[in-house]
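The data block below is coords.txt; it holds compact mmCIF, C-alpha atoms and all ligand atoms.
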```
# COMPACT_ATOMS: atom_id res chain seq x y z
CA MET A 1 -29.73 -18.10 -1.05
CA VAL A 2 -26.76 -18.01 -3.45
CA PHE A 3 -26.90 -16.06 -6.72
CA ASP A 4 -25.57 -16.57 -10.23
CA PRO A 5 -22.87 -13.91 -10.82
CA ILE A 6 -23.39 -13.90 -14.58
CA GLU A 7 -27.07 -13.04 -14.17
CA ARG A 8 -26.25 -10.56 -11.44
CA GLY A 9 -23.61 -8.99 -13.71
CA ARG A 10 -26.22 -8.45 -16.43
CA ARG A 11 -28.55 -6.69 -13.99
CA VAL A 12 -25.72 -4.49 -12.71
CA GLU A 13 -24.66 -3.67 -16.28
CA ALA A 14 -28.16 -2.37 -16.97
CA ALA A 15 -27.52 0.24 -14.26
CA VAL A 16 -23.88 1.15 -14.92
CA CYS A 17 -23.24 0.69 -18.68
CA ARG A 18 -24.70 2.74 -21.53
CA ASP A 19 -24.92 1.83 -25.22
CA ASP A 20 -22.75 4.84 -26.10
CA LEU A 21 -19.86 3.17 -24.15
CA ALA A 22 -20.14 5.36 -21.06
CA ARG A 23 -19.74 3.61 -17.68
CA LYS A 24 -20.36 4.74 -14.15
CA TYR A 25 -17.44 5.72 -11.88
CA TYR A 26 -17.55 7.41 -8.50
CA ARG A 27 -13.98 8.60 -8.01
CA PHE A 28 -10.58 9.20 -9.62
CA ARG A 29 -7.59 9.28 -7.28
CA PRO A 30 -3.89 8.70 -6.68
CA SER A 31 -3.14 5.55 -4.68
CA ARG A 32 -0.09 4.27 -2.81
CA PHE A 33 -0.52 0.71 -4.12
CA TYR A 34 2.02 -0.74 -6.58
CA GLY A 35 4.47 1.90 -5.43
CA GLY A 36 2.06 4.62 -6.61
CA SER A 37 -0.77 4.25 -9.12
CA SER A 38 -3.52 6.28 -10.68
CA VAL A 39 -6.99 4.81 -10.06
CA ALA A 40 -10.49 5.10 -11.46
CA ASP A 41 -13.07 3.62 -9.08
CA ALA A 42 -15.86 2.02 -11.08
CA VAL A 43 -19.38 1.36 -9.85
CA GLY A 44 -20.89 -2.13 -9.98
CA CYS A 45 -19.79 -5.71 -9.44
CA ASN A 46 -21.11 -9.20 -10.19
CA LEU A 47 -20.08 -10.47 -6.73
CA SER A 48 -21.12 -9.28 -3.29
CA CYS A 49 -18.07 -9.85 -1.10
CA VAL A 50 -18.70 -9.34 2.59
CA PHE A 51 -15.28 -7.65 2.90
CA CYS A 52 -15.73 -5.30 -0.10
CA TRP A 53 -14.41 -1.83 0.80
CA SER A 54 -16.48 -0.42 -2.07
CA TRP A 55 -19.70 -1.94 -0.77
CA ARG A 56 -21.56 1.35 -0.53
CA ALA A 57 -21.15 2.06 -4.25
CA ASN A 58 -21.59 -1.52 -5.42
CA SER A 59 -24.75 -2.19 -3.43
CA ARG A 60 -26.53 0.86 -4.93
CA PRO A 61 -25.26 1.05 -8.52
CA SER A 62 -28.27 3.02 -9.77
CA GLU A 63 -27.79 5.75 -7.19
CA VAL A 64 -24.02 6.17 -7.03
CA GLY A 65 -21.53 7.70 -9.46
CA ARG A 66 -21.61 9.44 -12.86
CA PHE A 67 -21.25 8.18 -16.40
CA TYR A 68 -17.89 8.77 -18.10
CA TYR A 69 -16.77 7.94 -21.63
CA PRO A 70 -13.63 5.80 -22.05
CA GLN A 71 -11.61 8.77 -23.26
CA ASP A 72 -12.61 10.84 -20.19
CA VAL A 73 -11.52 8.00 -17.91
CA GLY A 74 -8.23 7.57 -19.78
CA GLU A 75 -7.47 11.30 -19.69
CA ARG A 76 -8.16 11.52 -15.97
CA LEU A 77 -6.01 8.48 -15.24
CA LEU A 78 -3.10 9.82 -17.25
CA ARG A 79 -3.44 13.32 -15.77
CA ILE A 80 -3.13 11.93 -12.22
CA ALA A 81 -0.25 9.65 -13.29
CA GLU A 82 1.62 12.56 -14.88
CA ALA A 83 1.10 14.89 -11.90
CA ARG A 84 2.37 12.24 -9.46
CA GLY A 85 5.05 10.64 -11.63
CA TYR A 86 3.26 7.25 -11.62
CA ARG A 87 3.70 4.61 -14.33
CA ILE A 88 0.75 2.45 -13.32
CA VAL A 89 -2.91 3.12 -14.05
CA ARG A 90 -5.80 0.87 -13.02
CA VAL A 91 -9.52 0.51 -12.50
CA SER A 92 -10.66 -0.53 -9.05
CA GLY A 93 -13.77 -0.15 -6.88
CA GLY A 94 -16.07 -2.37 -8.94
CA GLU A 95 -15.57 -5.13 -11.51
CA PRO A 96 -13.93 -3.65 -14.67
CA THR A 97 -14.96 -6.53 -16.96
CA LEU A 98 -18.60 -5.51 -16.68
CA CYS A 99 -19.36 -3.01 -19.49
CA TRP A 100 -16.89 -4.94 -21.66
CA ASP A 101 -17.01 -2.59 -24.69
CA HIS A 102 -16.25 0.37 -22.43
CA LEU A 103 -13.21 -1.48 -21.06
CA ILE A 104 -11.88 -2.36 -24.52
CA SER A 105 -12.32 1.24 -25.64
CA LEU A 106 -10.47 2.48 -22.52
CA LEU A 107 -7.63 0.02 -23.19
CA GLU A 108 -7.43 1.22 -26.81
CA TYR A 109 -7.20 4.82 -25.64
CA LEU A 110 -4.39 3.96 -23.23
CA HIS A 111 -2.70 1.66 -25.75
CA ASN A 112 -2.36 4.58 -28.17
CA ARG A 113 -0.31 6.37 -25.51
CA VAL A 114 2.12 3.54 -24.78
CA GLY A 115 5.05 5.81 -25.64
CA ARG A 116 4.50 7.38 -22.24
CA GLY A 117 5.37 4.05 -20.62
CA GLU A 118 2.31 3.47 -18.48
CA VAL A 119 1.19 -0.04 -17.56
CA PHE A 120 -2.51 -0.74 -17.14
CA ILE A 121 -3.34 -3.21 -14.36
CA LEU A 122 -6.71 -4.83 -14.81
CA GLU A 123 -7.86 -6.01 -11.38
CA THR A 124 -10.66 -8.52 -11.81
CA ASN A 125 -12.44 -11.29 -9.98
CA GLY A 126 -12.08 -13.29 -13.21
CA ILE A 127 -15.67 -14.55 -13.47
CA VAL A 128 -16.40 -13.02 -16.89
CA ILE A 129 -13.04 -14.01 -18.41
CA GLY A 130 -13.33 -17.50 -16.95
CA GLU A 131 -16.79 -18.04 -18.42
CA GLU A 132 -15.98 -16.57 -21.84
CA PRO A 133 -12.55 -17.53 -23.24
CA SER A 134 -13.02 -15.09 -26.17
CA ARG A 135 -12.67 -12.21 -23.68
CA ALA A 136 -9.11 -13.30 -22.88
CA ARG A 137 -8.30 -13.48 -26.60
CA GLU A 138 -9.59 -9.92 -27.04
CA LEU A 139 -7.16 -8.68 -24.40
CA ALA A 140 -4.13 -10.28 -26.06
CA ARG A 141 -3.47 -7.31 -28.36
CA PHE A 142 -2.77 -4.92 -25.46
CA ASP A 143 0.90 -5.39 -24.71
CA ARG A 144 1.13 -3.03 -21.73
CA LEU A 145 -1.62 -4.82 -19.89
CA LEU A 146 -1.29 -6.95 -16.76
CA VAL A 147 -4.38 -8.81 -15.55
CA ARG A 148 -4.49 -9.51 -11.82
CA VAL A 149 -7.11 -12.13 -11.00
CA SER A 150 -8.16 -11.89 -7.36
CA ILE A 151 -9.57 -15.23 -6.22
CA LYS A 152 -12.06 -14.90 -3.41
CA GLY A 153 -11.19 -17.76 -1.10
CA CYS A 154 -9.21 -21.02 -1.08
CA SER A 155 -12.12 -23.28 -1.94
CA PRO A 156 -15.53 -23.19 -3.66
CA GLN A 157 -17.24 -23.33 -0.26
CA THR A 158 -15.35 -20.35 1.16
CA PHE A 159 -15.86 -18.46 -2.09
CA SER A 160 -19.60 -18.93 -1.86
CA ARG A 161 -19.70 -17.98 1.81
CA VAL A 162 -17.79 -14.72 1.38
CA THR A 163 -19.19 -13.61 -2.01
CA GLY A 164 -22.79 -14.87 -1.84
CA ALA A 165 -22.33 -16.46 -5.29
CA ASP A 166 -22.83 -20.04 -6.44
CA ALA A 167 -19.78 -22.10 -5.39
CA ARG A 168 -19.16 -23.46 -8.89
CA TYR A 169 -18.00 -20.00 -10.04
CA TRP A 170 -14.89 -20.37 -7.88
CA PHE A 171 -13.59 -22.56 -10.71
CA SER A 172 -14.31 -19.76 -13.22
CA GLN A 173 -11.67 -17.69 -11.45
CA LEU A 174 -9.03 -20.38 -12.02
CA ARG A 175 -10.28 -20.81 -15.60
CA ALA A 176 -9.75 -17.07 -16.12
CA LEU A 177 -6.04 -17.53 -15.41
CA ASP A 178 -5.94 -20.49 -17.78
CA ASN A 179 -7.75 -18.58 -20.54
CA LEU A 180 -5.46 -15.56 -20.14
CA ILE A 181 -2.23 -17.58 -20.17
CA ARG A 182 -3.36 -19.60 -23.20
CA SER A 183 -4.15 -16.33 -24.99
CA GLY A 184 -0.72 -14.88 -24.23
CA VAL A 185 -1.95 -12.24 -21.78
CA ALA A 186 0.29 -11.39 -18.81
CA ALA A 187 -1.66 -12.62 -15.77
CA ARG A 188 -1.01 -12.88 -12.06
CA PRO A 189 -3.05 -14.62 -9.35
CA ALA A 190 -4.01 -13.06 -6.03
CA LEU A 191 -5.84 -14.84 -3.23
CA VAL A 192 -8.05 -13.44 -0.49
CA ALA A 193 -6.41 -15.55 2.21
CA SER A 194 -8.07 -14.15 5.33
CA PHE A 195 -10.36 -17.15 5.69
CA CYS A 196 -7.84 -19.87 4.75
CA SER A 197 -5.91 -22.21 7.03
CA ASP A 198 -2.31 -23.08 6.13
CA ASP A 199 -3.54 -26.42 4.74
CA ASP A 200 -6.12 -24.61 2.60
CA VAL A 201 -3.38 -22.43 1.11
CA THR A 202 -1.23 -25.51 0.37
CA GLN A 203 -4.13 -27.16 -1.45
CA PHE A 204 -4.85 -23.94 -3.31
CA LEU A 205 -1.23 -23.74 -4.49
CA ALA A 206 -1.57 -27.25 -5.90
CA LYS A 207 -4.64 -26.14 -7.86
CA LEU A 208 -2.75 -23.15 -9.22
CA ARG A 209 0.12 -25.42 -10.24
CA GLU A 210 -2.31 -27.52 -12.27
CA VAL A 211 -3.23 -24.39 -14.24
CA ASP A 212 0.38 -23.35 -14.78
CA PRO A 213 3.50 -24.44 -12.86
CA GLU A 214 4.73 -20.84 -12.62
CA LEU A 215 1.60 -19.43 -10.99
CA PRO A 216 2.38 -20.34 -7.35
CA SER A 217 5.54 -18.23 -7.45
CA LEU A 218 3.51 -15.24 -8.72
CA LEU A 219 0.76 -15.48 -6.11
CA GLU A 220 -0.01 -12.42 -3.98
CA LEU A 221 -1.94 -12.88 -0.76
CA GLU A 222 -4.63 -10.32 0.04
CA TYR A 223 -6.17 -9.80 3.46
CA THR A 224 -9.47 -8.31 4.49
CA ILE A 225 -9.10 -4.70 5.66
CA LEU A 226 -11.07 -4.21 8.85
CA TYR A 227 -12.79 -0.92 8.11
CA PRO A 228 -15.63 -0.36 10.61
CA SER A 229 -18.32 -1.13 8.00
CA VAL A 230 -16.48 -4.33 6.99
CA ARG A 231 -16.23 -5.42 10.64
CA GLU A 232 -19.97 -4.95 11.00
CA ARG A 233 -20.79 -6.97 7.86
CA LEU A 234 -18.42 -9.75 8.94
CA ARG A 235 -20.10 -9.84 12.32
CA ARG A 236 -23.56 -10.07 10.78
CA ALA A 237 -22.39 -12.85 8.44
CA GLY A 238 -20.78 -14.76 11.32
CA LEU A 239 -17.40 -14.70 9.56
CA ARG A 240 -14.14 -14.41 11.48
CA PRO A 241 -10.98 -13.80 9.44
CA ARG A 242 -7.89 -15.64 10.66
CA VAL A 243 -5.68 -12.82 9.40
CA ALA A 244 -6.75 -9.28 8.50
CA VAL A 245 -5.36 -5.78 8.08
CA ASP A 246 -5.87 -3.06 10.67
CA PRO A 247 -6.54 0.11 8.62
CA ARG A 248 -5.23 2.34 11.44
CA THR A 249 -1.72 0.91 11.22
CA TRP A 250 -1.81 -1.11 7.95
CA SER A 251 -0.36 -4.03 9.89
CA LEU A 252 -1.58 -7.63 9.88
CA VAL A 253 -3.62 -8.75 12.86
CA ARG A 254 -4.22 -12.41 13.69
CA GLY A 255 -6.24 -14.58 15.98
CA PHE A 256 -9.85 -13.85 15.10
CA GLY A 257 -10.45 -17.61 15.07
CA SER A 258 -11.44 -19.94 12.28
CA SER A 259 -14.05 -19.07 9.67
S1 LIG A 301 -15.12 -8.72 -6.41
FE1 LIG A 301 -14.07 -6.91 -5.59
S2 LIG A 301 -15.41 -5.18 -6.16
FE2 LIG A 301 -16.62 -7.06 -6.36
S3 LIG A 301 -17.70 -7.25 -4.41
FE3 LIG A 301 -15.80 -8.48 -4.31
S4 LIG A 301 -14.28 -7.10 -3.37
FE4 LIG A 301 -15.99 -5.81 -4.09
```

As structure tokens, please, write out the structure in this file.
Amino acid sequence: MVFDPIERGRRVEAAVCRDDLARKYYRFRPSRFYGGSSVADAVGCNLSCVFCWSWRANSRPSEVGRFYYPQDVGERLLRIAEARGYRIVRVSGGEPTLCWDHLISLLEYLHNRVGRGEVFILETNGIVIGEEPSRARELARFDRLLVRVSIKGCSPQTFSRVTGADARYWFSQLRALDNLIRSGVAARPALVASFCSDDDVTQFLAKLREVDPELPSLLELEYTILYPSVRERLRRAGLRPRVAVDPRTWSLVRGFGSS
């Protein structure tokens, strides 16, 4: 049975967002991604991806993590960035566009420290921004912000199969890119390509081109990381990635068969 990610998002927000702008996080850490970045791992998502490496936190949002105010999150991110010499800070783990007022307050905190040169990368599945164009307009005032929209599958059918959500929300992810670009926000597409054939990727690129002719050249491909818990969930779901990442070597492995 598929779910509506907007309704699911509201239920998750009841567990991870507070009226005083605090949001739940379960970890703050340095990361090797983007050549080194400082990361806050949030709790809670409006999707339920079978390959989610943060599944444990996102499937039990009431039980996992602690509440932090936007300023606490910003301070921790900048402290890690300063200690490691990183210029990039980001929120990962869960979906950062849930608890919207918390996110805006965090961006304001970081924006007031732009002299330090950090860039904030907002990694999102795009559902909220795709459904509500005003969200994209709200982000336009943050000039050191890059929004990376990670699209979960080449087609609505694959999206639904890997996320559990209603297939029509696949289009919301593309609409998020459109809304962001129209609002003047720097945006980049990413695609979870593990379950796509070459033809699927070609058709997906054509869809991206319809949104904006420059988007195909900006596309990053993401592949499922085969952590043991992810392998087990894939097995139970009967899903076989064509290409995936082996977490022991961080190399790509192929030949699992079609999805
Ligand atoms: S959108 Fe990201 S955080 Fe949410 S379930 Fe999927 S992989 Fe996990």

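When all atoms listed in the file are used to measure the gap to Gly74 of chain A, the shortest distance among A:Arg161, A:His102, A:Arg60, A:Arg248 belongs to A:His102.
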
Task: For atom CA of Glu13 of chain A and atom CA of Leu107 of chain A, the interatomic separation in Å (one decimal) - done: 18.7 Å

TODO: Output the neighbourhood of ligand LIG 301 (chain A) as an MDAnalysis selection string, that is, all protein and nucleic acid residues with some atom at most 6 Å from the ligand, counting only C-alpha atoms and all ligand atoms.
DONE: chainID A and resid 45 47:49 52 54 93:95 125

TODO: Would you mind reading off the distance between atom CA of Arg182 of chain A and atom CA of Asp4 of chain A, one decimal, in Å?
DONE: 25.9 Å

Mind dumping a table of every segment 117-201 of chain A residue within 7 Å of segment 206-229 of chain A, with the nearest atom pair and its distance in Å to one decimal, using all atoms listed in the file, sorted by chain and rising number, as JSON lines?
```
{"residue": "A:Asp178", "atom": "CA", "partner": "A:Val211", "partner_atom": "CA", "distance": 5.9}
{"residue": "A:Arg188", "atom": "CA", "partner": "A:Leu218", "partner_atom": "CA", "distance": 6.1}
{"residue": "A:Pro189", "atom": "CA", "partner": "A:Leu219", "partner_atom": "CA", "distance": 5.1}
{"residue": "A:Ala190", "atom": "CA", "partner": "A:Glu220", "partner_atom": "CA", "distance": 4.5}
{"residue": "A:Leu191", "atom": "CA", "partner": "A:Leu221", "partner_atom": "CA", "distance": 5.0}
{"residue": "A:Val192", "atom": "CA", "partner": "A:Glu222", "partner_atom": "CA", "distance": 4.7}
{"residue": "A:Ala193", "atom": "CA", "partner": "A:Tyr223", "partner_atom": "CA", "distance": 5.9}
{"residue": "A:Ser194", "atom": "CA", "partner": "A:Tyr223", "partner_atom": "CA", "distance": 5.1}
```

Task: Selected residue of minimal separation from Ala15 of chain A among A:Pro61, A:Gly153, A:Pro247, A:Gly130, counting all atoms listed in the file - done: A:Pro61

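Atom CA of Asp101 of chain A to atom CA of Asp20 of chain A spans 9.5 Å [interatomic distance, one decimal].
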
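Remark: residues at most 7 Å from position (-4.1, 8.6, -9.7) in file coordinates are Phe28, Arg29, Pro30, Ser31, Ser37, Ser38, Val39, Leu77, Ile80 and Ala81 of chain A, using all atoms listed in the file.
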
May I have the centre and edge lengths, in Å to one decimal, of an axis-aligned box around the listed atoms of segment 95-108 of chain A with 3 Å added to every side, as lines of an AutoDock Vina configuration file?
```
center_x = -13.4
center_y = -2.0
center_z = -19.2
size_x = 17.9
size_y = 15.0
size_z = 21.3
```
